[in-house]
file coords-v5.cif (mmCIF, C-alpha atoms)
data_start
#
loop_
_atom_site.label_atom_id
_atom_site.label_comp_id
_atom_site.auth_asym_id
_atom_site.auth_seq_id
_atom_site.Cartn_x
_atom_site.Cartn_y
_atom_site.Cartn_z
CA MET Q 1 96.03 -96.40 40.72
CA ARG Q 2 98.92 -97.48 42.89
CA GLN Q 3 101.74 -99.12 41.01
CA PRO Q 4 102.94 -102.53 42.22
CA SER Q 5 106.03 -102.57 44.41
CA PHE Q 6 109.02 -104.72 43.62
CA GLU Q 7 110.85 -104.08 46.87
CA TRP Q 8 110.67 -107.82 47.58
CA THR Q 9 113.50 -108.27 45.07
CA ARG Q 10 115.84 -106.76 47.61
CA GLY Q 11 117.58 -108.73 50.34
CA PRO Q 12 117.03 -112.49 50.68
CA ALA Q 13 113.82 -112.77 48.64
CA ILE Q 14 115.39 -113.86 45.35
CA PRO Q 15 117.76 -116.46 46.88
CA VAL Q 16 114.99 -118.01 48.98
CA VAL Q 17 112.55 -118.11 46.05
CA SER Q 18 115.22 -119.56 43.77
CA VAL Q 19 116.02 -122.41 46.17
CA LEU Q 20 112.36 -123.25 46.75
CA PHE Q 21 111.62 -123.10 43.04
CA ALA Q 22 114.60 -125.34 42.26
CA LEU Q 23 113.56 -127.88 44.91
CA VAL Q 24 110.01 -128.01 43.54
CA LEU Q 25 111.20 -128.53 39.97
CA GLY Q 26 113.77 -131.05 41.16
CA GLY Q 27 111.00 -132.96 42.92
CA LEU Q 28 109.02 -132.88 39.69
CA PHE Q 29 111.93 -134.52 37.86
CA VAL Q 30 112.07 -137.19 40.56
CA TRP Q 31 108.33 -137.84 40.24
CA ILE Q 32 108.53 -138.08 36.45
CA SER Q 33 111.33 -140.65 36.79
CA GLY Q 34 109.03 -142.83 38.90
CA HIS Q 35 110.35 -142.08 42.39
CA ASP Q 36 108.96 -140.37 45.46
CA PRO Q 37 110.26 -136.77 45.85
CA ILE Q 38 109.64 -136.80 49.60
CA THR Q 39 111.72 -139.95 50.01
CA ALA Q 40 114.47 -138.43 47.87
CA TYR Q 41 114.71 -135.19 49.82
CA ALA Q 42 114.43 -137.03 53.14
CA ALA Q 43 117.44 -139.14 52.15
CA LEU Q 44 119.29 -135.99 51.10
CA LEU Q 45 118.63 -134.39 54.49
CA ARG Q 46 119.72 -137.52 56.33
CA GLY Q 47 122.94 -137.65 54.35
CA ALA Q 48 123.76 -134.05 55.18
CA PHE Q 49 122.45 -133.66 58.73
CA GLY Q 50 121.28 -137.12 59.86
CA SER Q 51 123.96 -137.59 62.53
CA PRO Q 52 126.74 -135.58 64.21
CA TYR Q 53 129.23 -137.27 61.90
CA ASP Q 54 127.20 -136.32 58.82
CA ILE Q 55 127.01 -132.73 60.03
CA SER Q 56 130.78 -132.63 60.54
CA GLU Q 57 131.34 -133.97 57.01
CA THR Q 58 128.96 -131.39 55.58
CA LEU Q 59 130.88 -128.65 57.36
CA LEU Q 60 134.14 -129.96 55.89
CA ILE Q 61 132.70 -129.57 52.39
CA ALA Q 62 131.34 -126.13 53.26
CA VAL Q 63 134.76 -124.75 54.25
CA PRO Q 64 136.36 -124.62 50.76
CA LEU Q 65 133.02 -123.61 49.25
CA LEU Q 66 132.77 -120.71 51.69
CA LEU Q 67 136.33 -119.47 51.13
CA THR Q 68 136.22 -119.73 47.35
CA GLY Q 69 132.75 -118.14 47.47
CA LEU Q 70 134.27 -115.20 49.34
CA SER Q 71 136.98 -115.07 46.69
CA VAL Q 72 134.41 -114.69 43.92
CA ALA Q 73 132.26 -112.33 46.00
CA VAL Q 74 135.00 -109.83 46.85
CA ALA Q 75 135.90 -109.55 43.16
CA PHE Q 76 132.22 -109.10 42.27
CA ARG Q 77 132.01 -106.23 44.76
CA ALA Q 78 134.74 -104.46 42.81
CA GLY Q 79 133.08 -105.13 39.46
CA LEU Q 80 135.33 -108.04 38.44
CA PHE Q 81 134.36 -111.62 37.62
CA ASN Q 82 136.85 -114.00 39.21
CA ILE Q 83 136.52 -117.33 37.40
CA GLY Q 84 139.94 -118.35 38.73
CA ALA Q 85 139.13 -119.34 42.30
CA GLN Q 86 139.78 -122.97 41.36
CA GLY Q 87 143.27 -122.21 40.07
CA GLN Q 88 144.03 -119.94 43.01
CA LEU Q 89 142.95 -122.72 45.39
CA LEU Q 90 145.33 -125.15 43.69
CA VAL Q 91 148.23 -122.69 43.85
CA GLY Q 92 147.56 -122.14 47.56
CA ALA Q 93 147.52 -125.90 48.08
CA VAL Q 94 150.80 -126.39 46.22
CA ALA Q 95 152.50 -123.56 48.12
CA ALA Q 96 151.25 -124.82 51.48
CA GLY Q 97 152.18 -128.42 50.64
CA TRP Q 98 155.68 -127.43 49.61
CA VAL Q 99 156.35 -125.38 52.74
CA GLY Q 100 154.83 -128.00 55.01
CA ALA Q 101 156.98 -130.76 53.53
CA GLN Q 102 160.15 -128.67 53.18
CA TRP Q 103 160.69 -128.22 56.91
CA PRO Q 104 158.78 -131.10 58.51
CA ASP Q 105 160.67 -130.96 61.82
CA LEU Q 106 159.77 -127.37 62.70
CA PRO Q 107 157.45 -126.98 65.69
CA ALA Q 108 153.79 -126.27 65.04
CA ILE Q 109 154.05 -122.73 66.41
CA VAL Q 110 156.40 -121.95 63.51
CA LEU Q 111 155.44 -124.36 60.74
CA LEU Q 112 151.66 -123.91 60.83
CA PRO Q 113 151.77 -120.10 60.43
CA LEU Q 114 154.35 -120.50 57.65
CA THR Q 115 152.13 -122.98 55.85
CA LEU Q 116 149.11 -120.71 56.32
CA LEU Q 117 151.02 -117.71 54.99
CA ALA Q 118 152.33 -119.69 52.01
CA GLY Q 119 148.84 -120.77 50.99
CA ILE Q 120 147.39 -117.27 51.24
CA LEU Q 121 150.33 -115.60 49.48
CA GLY Q 122 150.41 -118.23 46.73
CA GLY Q 123 146.76 -117.64 45.89
CA ALA Q 124 147.14 -113.86 46.25
CA VAL Q 125 150.04 -113.67 43.82
CA TYR Q 126 148.23 -115.86 41.29
CA GLY Q 127 145.08 -113.77 41.56
CA GLY Q 128 147.08 -110.55 41.43
CA ILE Q 129 148.50 -111.54 38.05
CA ALA Q 130 145.00 -111.45 36.53
CA GLY Q 131 144.34 -108.12 38.24
CA TRP Q 132 147.56 -106.62 36.89
CA LEU Q 133 146.83 -107.81 33.35
CA LYS Q 134 143.37 -106.23 33.58
CA ALA Q 135 144.73 -102.95 34.94
CA ALA Q 136 147.85 -102.61 32.81
CA ARG Q 137 146.79 -104.19 29.53
CA GLY Q 138 143.01 -104.25 29.67
CA VAL Q 139 142.93 -108.04 29.41
CA ASN Q 140 139.52 -109.41 30.38
CA GLU Q 141 139.85 -111.11 33.77
CA VAL Q 142 137.40 -113.84 32.78
CA ILE Q 143 139.68 -115.03 29.98
CA THR Q 144 142.81 -114.64 32.09
CA THR Q 145 141.53 -116.54 35.09
CA ILE Q 146 140.15 -119.37 32.96
CA MET Q 147 143.57 -119.74 31.35
CA GLN Q 148 145.19 -119.67 34.79
CA ASN Q 149 142.95 -122.52 35.92
CA TYR Q 150 144.24 -124.75 33.13
CA THR Q 151 147.83 -123.61 33.56
CA ILE Q 152 148.10 -124.59 37.22
CA VAL Q 153 146.44 -127.96 36.56
CA PHE Q 154 149.20 -128.95 34.13
CA VAL Q 155 151.98 -127.39 36.20
CA MET Q 156 150.70 -129.20 39.27
CA HIS Q 157 150.58 -132.46 37.33
CA TRP Q 158 154.25 -132.05 36.36
CA LEU Q 159 155.33 -131.04 39.86
CA LEU Q 160 153.75 -134.12 41.43
CA GLN Q 161 154.33 -136.74 38.74
CA ASN Q 162 157.97 -136.21 37.79
CA GLY Q 163 158.87 -132.77 39.15
CA PRO Q 164 160.53 -131.50 42.32
CA MET Q 165 157.47 -132.14 44.53
CA GLN Q 166 157.13 -135.82 43.64
CA ALA Q 167 157.12 -138.02 46.73
CA PRO Q 168 159.95 -140.59 46.85
CA ASN Q 169 158.81 -144.09 45.84
CA ALA Q 170 155.30 -142.78 45.18
CA PHE Q 171 152.87 -145.12 43.44
CA GLY Q 172 149.37 -144.62 42.17
CA THR Q 173 148.06 -141.07 42.17
CA PRO Q 174 150.89 -138.52 41.85
CA ALA Q 175 151.39 -136.80 45.19
CA SER Q 176 153.84 -134.73 47.18
CA ALA Q 177 155.72 -135.78 50.30
CA PRO Q 178 153.59 -135.54 53.47
CA ILE Q 179 153.66 -132.28 55.37
CA GLY Q 180 155.21 -132.14 58.83
CA ALA Q 181 153.09 -132.83 61.89
CA GLY Q 182 153.41 -129.18 62.87
CA ALA Q 183 151.60 -128.10 59.69
CA VAL Q 184 148.54 -130.26 60.34
CA LEU Q 185 145.38 -128.49 61.47
CA PRO Q 186 144.09 -130.16 64.64
CA VAL Q 187 140.73 -131.91 64.83
CA ILE Q 188 138.45 -129.80 67.02
CA VAL Q 189 135.76 -132.38 67.86
CA PRO Q 190 136.73 -135.03 70.44
CA ASP Q 191 136.35 -138.63 69.38
CA PHE Q 192 134.04 -139.41 72.28
CA LEU Q 193 131.57 -136.81 70.98
CA VAL Q 194 131.73 -137.68 67.28
CA PRO Q 195 133.62 -140.91 66.61
CA SER Q 196 136.01 -140.73 63.65
CA SER Q 197 135.24 -137.04 63.12
CA ARG Q 198 137.57 -135.20 60.75
CA LEU Q 199 136.27 -131.74 61.58
CA HIS Q 200 139.39 -129.61 61.95
CA ALA Q 201 140.34 -126.06 62.87
CA GLY Q 202 139.98 -124.97 59.26
CA VAL Q 203 136.31 -124.34 60.07
CA LEU Q 204 137.40 -121.65 62.52
CA LEU Q 205 139.79 -120.16 59.96
CA ALA Q 206 136.95 -119.98 57.44
CA LEU Q 207 134.74 -118.14 59.92
CA LEU Q 208 137.56 -115.71 60.70
CA ALA Q 209 138.01 -115.15 56.96
CA THR Q 210 134.29 -114.34 56.68
CA VAL Q 211 134.61 -111.75 59.45
CA ALA Q 212 137.67 -110.33 57.68
CA PHE Q 213 135.67 -110.13 54.44
CA TRP Q 214 132.92 -108.16 56.20
CA PHE Q 215 135.35 -105.89 58.03
CA LEU Q 216 137.37 -105.17 54.90
CA LEU Q 217 134.43 -104.21 52.72
CA TRP Q 218 132.26 -102.31 55.22
CA ARG Q 219 134.62 -101.02 57.89
CA THR Q 220 137.72 -99.86 56.00
CA SER Q 221 138.45 -97.10 53.51
CA LEU Q 222 139.91 -99.68 51.12
CA GLY Q 223 136.65 -101.61 51.19
CA TYR Q 224 134.71 -98.43 50.45
CA GLU Q 225 136.99 -97.76 47.49
CA LEU Q 226 136.61 -101.30 46.16
CA ARG Q 227 132.83 -101.09 46.34
CA ALA Q 228 132.92 -97.65 44.73
CA VAL Q 229 134.93 -99.04 41.81
CA GLY Q 230 132.40 -101.84 41.49
CA LEU Q 231 129.50 -99.39 41.30
CA GLY Q 232 131.18 -97.26 38.64
CA MET Q 233 134.79 -96.98 37.62
CA ARG Q 234 134.42 -93.57 36.01
CA ALA Q 235 132.67 -92.09 39.03
CA ALA Q 236 135.27 -93.65 41.33
CA ALA Q 237 138.08 -92.14 39.27
CA GLN Q 238 136.45 -88.71 39.48
CA ALA Q 239 136.34 -89.14 43.26
CA GLY Q 240 140.11 -89.64 43.31
CA ILE Q 241 140.16 -93.44 43.43
CA ASP Q 242 142.52 -95.21 41.02
CA PRO Q 243 140.43 -98.10 39.58
CA ARG Q 244 143.43 -99.86 38.05
CA LYS Q 245 145.30 -100.07 41.31
CA ARG Q 246 142.19 -101.35 43.07
CA MET Q 247 141.77 -104.06 40.41
CA VAL Q 248 145.16 -105.51 41.28
CA ILE Q 249 144.48 -105.28 45.01
CA VAL Q 250 141.04 -106.89 44.90
CA MET Q 251 142.17 -109.78 42.69
CA ALA Q 252 145.06 -110.41 45.07
CA ILE Q 253 142.63 -110.43 47.99
CA ALA Q 254 140.33 -112.78 46.08
CA GLY Q 255 143.25 -115.08 45.37
CA GLY Q 256 144.22 -115.00 49.05
CA PHE Q 257 140.80 -116.28 50.11
CA ALA Q 258 140.97 -119.12 47.57
CA GLY Q 259 144.59 -119.88 48.47
CA LEU Q 260 143.52 -120.22 52.11
CA ALA Q 261 140.96 -122.81 50.99
CA GLY Q 262 143.72 -124.80 49.28
CA MET Q 263 145.93 -124.61 52.36
CA ILE Q 264 143.11 -125.84 54.60
CA GLN Q 265 142.42 -128.80 52.33
CA VAL Q 266 146.07 -129.83 52.49
CA SER Q 267 146.69 -129.14 56.18
CA GLY Q 268 143.30 -130.24 57.44
CA LEU Q 269 142.35 -133.26 55.33
CA PHE Q 270 144.96 -134.73 53.00
CA HIS Q 271 148.27 -133.78 54.71
CA ARG Q 272 149.92 -133.76 51.30
CA VAL Q 273 149.09 -132.51 47.81
CA TYR Q 274 147.41 -134.99 45.47
CA ASP Q 275 147.16 -134.45 41.75
CA GLY Q 276 143.57 -133.45 41.00
CA PHE Q 277 142.54 -133.47 44.67
CA SER Q 278 140.05 -130.60 44.37
CA ALA Q 279 136.42 -131.44 43.66
CA GLY Q 280 135.84 -128.29 41.63
CA PHE Q 281 135.13 -126.06 44.62
CA GLY Q 282 136.36 -123.00 42.74
CA PHE Q 283 133.74 -123.44 40.05
CA ASP Q 284 130.91 -124.10 42.49
CA ALA Q 285 132.04 -120.94 44.26
CA ILE Q 286 130.50 -118.86 41.49
CA ALA Q 287 127.08 -120.28 42.33
CA VAL Q 288 127.76 -119.86 46.04
CA ALA Q 289 128.61 -116.17 45.64
CA LEU Q 290 125.65 -115.46 43.33
CA LEU Q 291 123.15 -117.18 45.61
CA GLY Q 292 124.66 -115.46 48.65
CA LYS Q 293 124.32 -112.04 46.97
CA ASN Q 294 128.05 -111.43 47.64
CA ALA Q 295 127.25 -110.74 51.29
CA PRO Q 296 129.06 -112.44 54.21
CA LEU Q 297 126.08 -114.16 55.81
CA GLY Q 298 124.58 -114.99 52.44
CA VAL Q 299 127.77 -116.69 51.27
CA VAL Q 300 127.97 -118.69 54.52
CA LEU Q 301 124.39 -119.95 54.15
CA SER Q 302 124.86 -120.63 50.46
CA ALA Q 303 128.04 -122.63 51.11
CA LEU Q 304 126.20 -124.71 53.71
CA LEU Q 305 123.37 -125.36 51.26
CA PHE Q 306 125.64 -126.51 48.47
CA ALA Q 307 127.66 -128.60 50.92
CA ALA Q 308 124.44 -130.26 52.07
CA PHE Q 309 123.56 -130.99 48.44
CA SER Q 310 126.98 -132.53 47.87
CA ARG Q 311 127.05 -134.63 51.04
CA GLY Q 312 123.38 -135.61 50.99
CA GLY Q 313 123.34 -136.48 47.30
CA THR Q 314 125.50 -139.54 47.93
CA LEU Q 315 123.09 -141.04 50.47
CA MET Q 316 120.13 -140.12 48.30
CA GLN Q 317 121.56 -142.25 45.54
CA SER Q 318 122.34 -145.23 47.78
CA ASP Q 319 119.20 -145.16 49.97
CA ALA Q 320 116.49 -143.84 47.65
CA GLY Q 321 117.90 -145.23 44.41
CA ILE Q 322 117.88 -141.79 42.81
CA SER Q 323 120.83 -140.55 40.83
CA SER Q 324 122.97 -137.97 42.60
CA HIS Q 325 122.83 -135.99 39.37
CA LEU Q 326 119.51 -134.68 40.68
CA VAL Q 327 121.58 -132.46 42.96
CA GLU Q 328 123.30 -130.97 39.92
CA ILE Q 329 119.90 -130.32 38.35
CA VAL Q 330 118.73 -128.52 41.49
CA GLU Q 331 121.92 -126.43 41.60
CA ALA Q 332 121.49 -125.51 37.94
CA LEU Q 333 117.90 -124.47 38.58
CA VAL Q 334 119.02 -122.31 41.49
CA LEU Q 335 121.43 -120.50 39.18
CA PHE Q 336 118.74 -120.17 36.54
CA VAL Q 337 116.39 -118.39 38.94
CA ILE Q 338 119.19 -116.19 40.28
CA ALA Q 339 120.03 -115.19 36.71
CA ALA Q 340 116.36 -114.40 36.15
CA GLU Q 341 116.65 -111.62 38.72
CA THR Q 342 117.75 -109.34 35.91
CA VAL Q 343 114.42 -110.07 34.21
CA VAL Q 344 112.57 -109.19 37.42
CA ARG Q 345 114.39 -105.88 37.62
CA ALA Q 346 113.65 -105.16 33.97
CA VAL Q 347 109.94 -105.77 34.65
CA ALA Q 348 110.14 -103.49 37.68
CA ARG Q 349 111.60 -100.70 35.57
CA ARG Q 350 108.92 -101.23 32.92
CA TRP Q 351 106.23 -100.73 35.57
CA GLY Q 352 107.96 -97.53 36.55
CA THR Q 353 108.94 -98.67 40.03
CA PRO Q 354 112.63 -98.14 40.76
CA VAL Q 355 114.34 -101.12 42.36
CA LYS Q 356 117.44 -100.35 44.36
CA ALA Q 357 120.53 -102.50 43.98
CA VAL Q 358 121.15 -105.07 46.64
CA SER Q 359 123.73 -103.78 49.10
#

call {"tool": "encode", "arguments": {"input": "coords-v5.cif", "output": "structure tokens"}}
result
Amino acid sequence: MRQPSFEWTRGPAIPVVSVLFALVLGGLFVWISGHDPITAYAALLRGAFGSPYDISETLLIAVPLLLTGLSVAVAFRAGLFNIGAQGQLLVGAVAAGWVGAQWPDLPAIVLLPLTLLAGILGGAVYGGIAGWLKAARGVNEVITTIMQNYTIVFVMHWLLQNGPMQAPNAFGTPASAPIGAGAVLPVIVPDFLVPSSRLHAGVLLALLATVAFWFLLWRTSLGYELRAVGLGMRAAAQAGIDPRKRMVIVMAIAGGFAGLAGMIQVSGLFHRVYDGFSAGFGFDAIAVALLGKNAPLGVVLSALLFAAFSRGGTLMQSDAGISSHLVEIVEALVLFVIAAETVVRAVARRWGTPVKAVS
């Protein structure tokens, strides 16, 4: 008798099934609460993609989700769990905001690259600290990066409220001085096409970062070494690869991706650093990377999906009268099904059918 095949667990099968399953269960919750699931999801789609302006706003949300998702994904590929994308994003934002405001009169050809470099390096250094502690002292990167998240929140609060980055005569929310005009990312959609569009060149930077992620991991010797460490540190060491050194490198790279997200938020949207400006993109990035299977295209699609949930959830609440918390339920269900993949693989092994790891 032929044994059942579990090859469907490879590739996009699990992410697609998880999303569909989560949407069905989410619709069930809507129905139980006395509302129409079709009306709810129609409102969600309209909020995310109902007009060119809505699409542009969804893309703006997808940019930091994509970059922080890449941050988590590149660490996963090397066998590390980067919980610190949120903190690395904030450090990148602070560094970019400081540079952009420090020399506001520099021309864009000088100031914008400096601001970009500051954001990436700020996140890279902060991520590299966790990598060094893991490599040199064996400190679990999950604990370290969680502590780093809290550390930068309080440091940022001090810097903006009564520290050296506080804007003169600032009232209300603590904030830094505005960055120079040369550090602002230009809007790439003309007003006559999409009135009041805020879609900026950070979208292009995020796509370039995705290409860089792919090229690094699958077209360079360093990427091969990082993936080898992720598959087995002992085997990688026997092949002449130093796992400890690669830990520091990959966490710095992860921090660089997240730092770029922080820089884009400052240069593209806010034009200064606000205390608590981030909407938790670094934490959602974990779900984005898991759903995207740590692959470039998968992370892009996953970021778009979660951005659509975020943008469309607001309209769903106002138009359909359904709490936007439904979106959080759907996201949680997606993660639940993704986590259940380990159960699927265990069943596959029990049936005696080997299931290869997702590349």

call {"tool": "residues_around", "arguments": {"input": "coords-v5.cif", "residues": "Arg272 (chain Q)", "least_positions_apart": "3", "cutoff": "6 Å", "atoms": "all atoms listed in the file", "output": "mmCIF file with C-alpha atoms, keeping the file's coordinate frame"}}
result
data_model
loop_
_atom_site.group_PDB
_atom_site.id
_atom_site.type_symbol
_atom_site.label_atom_id
_atom_site.label_comp_id
_atom_site.auth_asym_id
_atom_site.auth_seq_id
_atom_site.Cartn_x
_atom_site.Cartn_y
_atom_site.Cartn_z
ATOM 1 C CA GLY Q 97 152.180 -128.420 50.640
ATOM 2 C CA SER Q 176 153.840 -134.730 47.180
ATOM 3 C CA PRO Q 178 153.590 -135.540 53.470
ATOM 4 C CA ILE Q 179 153.660 -132.280 55.370
ATOM 5 C CA VAL Q 266 146.070 -129.830 52.490
#

call {"tool": "residues_around", "arguments": {"input": "coords-v5.cif", "residues": "region 112-116 of chain Q", "least_positions_apart": "5", "cutoff": "8 Å", "atoms": "all atoms listed in the file", "output": "PDB file with C-alpha atoms, keeping the file's coordinate frame"}}
result
ATOM      1  CA  ALA Q  95     152.500-123.560  48.120  1.00  0.00           C
ATOM      2  CA  ALA Q  96     151.250-124.820  51.480  1.00  0.00           C
ATOM      3  CA  GLY Q  97     152.180-128.420  50.640  1.00  0.00           C
ATOM      4  CA  VAL Q  99     156.350-125.380  52.740  1.00  0.00           C
ATOM      5  CA  GLY Q 100     154.830-128.000  55.010  1.00  0.00           C
ATOM      6  CA  GLY Q 182     153.410-129.180  62.870  1.00  0.00           C
ATOM      7  CA  ALA Q 183     151.600-128.100  59.690  1.00  0.00           C
ATOM      8  CA  VAL Q 184     148.540-130.260  60.340  1.00  0.00           C
ATOM      9  CA  LEU Q 185     145.380-128.490  61.470  1.00  0.00           C
ATOM     10  CA  LEU Q 260     143.520-120.220  52.110  1.00  0.00           C
ATOM     11  CA  MET Q 263     145.930-124.610  52.360  1.00  0.00           C
TER      12      MET Q 263
END

call {"tool": "atom_distance", "arguments": {"input": "coords-v5.cif", "atom1": "CA of Tyr53 (chain Q)", "atom2": "CA of Asp191 (chain Q)"}}
result
10.4 Å

call {"tool": "resolve_selection", "arguments": {"input": "coords-v5.cif", "expression": "the PyMOL selection byres ((chain Q and resi 60) around 10)", "output": "list in words"}}
result
Asp54, Ile55, Ser56, Glu57, Thr58, Leu59, Ile61, Ala62, Val63, Pro64, Leu65, Arg198, Leu199, His200, Gly202, Val203, Ile264, Gln265, Gly268, Leu269, Leu304, Ala307 and Arg311 of chain Q

call {"tool": "write_last_selection", "arguments": {"input": "coords-v5.cif", "atoms": "C-alpha atoms", "output": "PDB file, in the coordinates of the input"}}
result
ATOM      1  CA  ASP Q  54     127.200-136.320  58.820  1.00  0.00           C
ATOM      2  CA  ILE Q  55     127.010-132.730  60.030  1.00  0.00           C
ATOM      3  CA  SER Q  56     130.780-132.630  60.540  1.00  0.00           C
ATOM      4  CA  GLU Q  57     131.340-133.970  57.010  1.00  0.00           C
ATOM      5  CA  THR Q  58     128.960-131.390  55.580  1.00  0.00           C
ATOM      6  CA  LEU Q  59     130.880-128.650  57.360  1.00  0.00           C
ATOM      7  CA  ILE Q  61     132.700-129.570  52.390  1.00  0.00           C
ATOM      8  CA  ALA Q  62     131.340-126.130  53.260  1.00  0.00           C
ATOM      9  CA  VAL Q  63     134.760-124.750  54.250  1.00  0.00           C
ATOM     10  CA  PRO Q  64     136.360-124.620  50.760  1.00  0.00           C
ATOM     11  CA  LEU Q  65     133.020-123.610  49.250  1.00  0.00           C
ATOM     12  CA  ARG Q 198     137.570-135.200  60.750  1.00  0.00           C
ATOM     13  CA  LEU Q 199     136.270-131.740  61.580  1.00  0.00           C
ATOM     14  CA  HIS Q 200     139.390-129.610  61.950  1.00  0.00           C
ATOM     15  CA  GLY Q 202     139.980-124.970  59.260  1.00  0.00           C
ATOM     16  CA  VAL Q 203     136.310-124.340  60.070  1.00  0.00           C
ATOM     17  CA  ILE Q 264     143.110-125.840  54.600  1.00  0.00           C
ATOM     18  CA  GLN Q 265     142.420-128.800  52.330  1.00  0.00           C
ATOM     19  CA  GLY Q 268     143.300-130.240  57.440  1.00  0.00           C
ATOM     20  CA  LEU Q 269     142.350-133.260  55.330  1.00  0.00           C
ATOM     21  CA  LEU Q 304     126.200-124.710  53.710  1.00  0.00           C
ATOM     22  CA  ALA Q 307     127.660-128.600  50.920  1.00  0.00           C
ATOM     23  CA  ARG Q 311     127.050-134.630  51.040  1.00  0.00           C
TER      24      ARG Q 311
END

call {"tool": "resolve_selection", "arguments": {"input": "coords-v5.cif", "expression": "the PyMOL selection byres ((chain Q and resi 288-297) around 8)", "output": "PyMOL selection string"}}
result
chain Q and resi 15+65-66+69-70+72-74+76-77+210-211+213-214+284-287+298-303+306+334-335+338+358

call {"tool": "closest_residue", "arguments": {"input": "coords-v5.cif", "among": "Q:Ala48, Q:Ile38, Q:Leu80, Q:Ala22", "to": "Leu231 (chain Q)", "atoms": "only C-alpha atoms"}}
result
Q:Leu80

call {"tool": "atom_distance", "arguments": {"input": "coords-v5.cif", "atom1": "CA of Leu25 (chain Q)", "atom2": "CA of Asn82 (chain Q)"}}
result
29.5 Å

call {"tool": "closest_residue", "arguments": {"input": "coords-v5.cif", "among": "Q:Gly50, Q:Gly312, Q:Gly128, Q:Gly280", "to": "Glu141 (chain Q)", "atoms": "all atoms listed in the file"}}
result
Q:Gly128

call {"tool": "build_atoms", "arguments": {"input": "coords-v5.cif", "residues": "region 163-178 of chain Q", "atoms": "N, CA and C atoms", "output": "PDB file, in the frame of the given file"}}
result
ATOM      1  N   GLY Q 163     158.201-134.023  38.844  1.00  0.00           N
ATOM      2  CA  GLY Q 163     158.870-132.770  39.150  1.00  0.00           C
ATOM      3  C   GLY Q 163     159.444-132.758  40.562  1.00  0.00           C
ATOM      4  N   PRO Q 164     159.860-131.598  41.023  1.00  0.00           N
ATOM      5  CA  PRO Q 164     160.530-131.500  42.320  1.00  0.00           C
ATOM      6  C   PRO Q 164     159.667-131.818  43.530  1.00  0.00           C
ATOM      7  N   MET Q 165     158.340-131.838  43.389  1.00  0.00           N
ATOM      8  CA  MET Q 165     157.470-132.140  44.530  1.00  0.00           C
ATOM      9  C   MET Q 165     157.057-133.606  44.592  1.00  0.00           C
ATOM     10  N   GLN Q 166     157.519-134.415  43.661  1.00  0.00           N
ATOM     11  CA  GLN Q 166     157.130-135.820  43.640  1.00  0.00           C
ATOM     12  C   GLN Q 166     157.620-136.523  44.896  1.00  0.00           C
ATOM     13  N   ALA Q 167     156.746-137.271  45.533  1.00  0.00           N
ATOM     14  CA  ALA Q 167     157.120-138.020  46.730  1.00  0.00           C
ATOM     15  C   ALA Q 167     158.029-139.178  46.359  1.00  0.00           C
ATOM     16  N   PRO Q 168     159.064-139.445  47.138  1.00  0.00           N
ATOM     17  CA  PRO Q 168     159.950-140.590  46.850  1.00  0.00           C
ATOM     18  C   PRO Q 168     159.169-141.903  46.891  1.00  0.00           C
ATOM     19  N   ASN Q 169     159.436-142.761  45.917  1.00  0.00           N
ATOM     20  CA  ASN Q 169     158.810-144.090  45.840  1.00  0.00           C
ATOM     21  C   ASN Q 169     157.281-144.007  45.838  1.00  0.00           C
ATOM     22  N   ALA Q 170     156.753-142.945  45.224  1.00  0.00           N
ATOM     23  CA  ALA Q 170     155.300-142.780  45.180  1.00  0.00           C
ATOM     24  C   ALA Q 170     154.699-143.670  44.096  1.00  0.00           C
ATOM     25  N   PHE Q 171     153.581-144.289  44.406  1.00  0.00           N
ATOM     26  CA  PHE Q 171     152.870-145.120  43.440  1.00  0.00           C
ATOM     27  C   PHE Q 171     151.418-144.670  43.387  1.00  0.00           C
ATOM     28  N   GLY Q 172     150.765-144.992  42.291  1.00  0.00           N
ATOM     29  CA  GLY Q 172     149.370-144.620  42.170  1.00  0.00           C
ATOM     30  C   GLY Q 172     149.223-143.161  41.789  1.00  0.00           C
ATOM     31  N   THR Q 173     148.319-142.469  42.470  1.00  0.00           N
ATOM     32  CA  THR Q 173     148.060-141.070  42.170  1.00  0.00           C
ATOM     33  C   THR Q 173     149.286-140.218  42.498  1.00  0.00           C
ATOM     34  N   PRO Q 174     149.747-139.385  41.553  1.00  0.00           N
ATOM     35  CA  PRO Q 174     150.890-138.520  41.850  1.00  0.00           C
ATOM     36  C   PRO Q 174     150.615-137.637  43.063  1.00  0.00           C
ATOM     37  N   ALA Q 175     151.585-137.552  43.955  1.00  0.00           N
ATOM     38  CA  ALA Q 175     151.390-136.800  45.190  1.00  0.00           C
ATOM     39  C   ALA Q 175     152.720-136.274  45.678  1.00  0.00           C
ATOM     40  N   SER Q 176     152.647-135.296  46.570  1.00  0.00           N
ATOM     41  CA  SER Q 176     153.840-134.730  47.180  1.00  0.00           C
ATOM     42  C   SER Q 176     154.204-135.522  48.428  1.00  0.00           C
ATOM     43  N   ALA Q 177     155.349-135.201  49.005  1.00  0.00           N
ATOM     44  CA  ALA Q 177     155.720-135.780  50.300  1.00  0.00           C
ATOM     45  C   ALA Q 177     154.757-135.255  51.360  1.00  0.00           C
ATOM     46  N   PRO Q 178     154.501-136.012  52.411  1.00  0.00           N
ATOM     47  CA  PRO Q 178     153.590-135.540  53.470  1.00  0.00           C
ATOM     48  C   PRO Q 178     154.135-134.324  54.184  1.00  0.00           C
TER      49      PRO Q 178
END
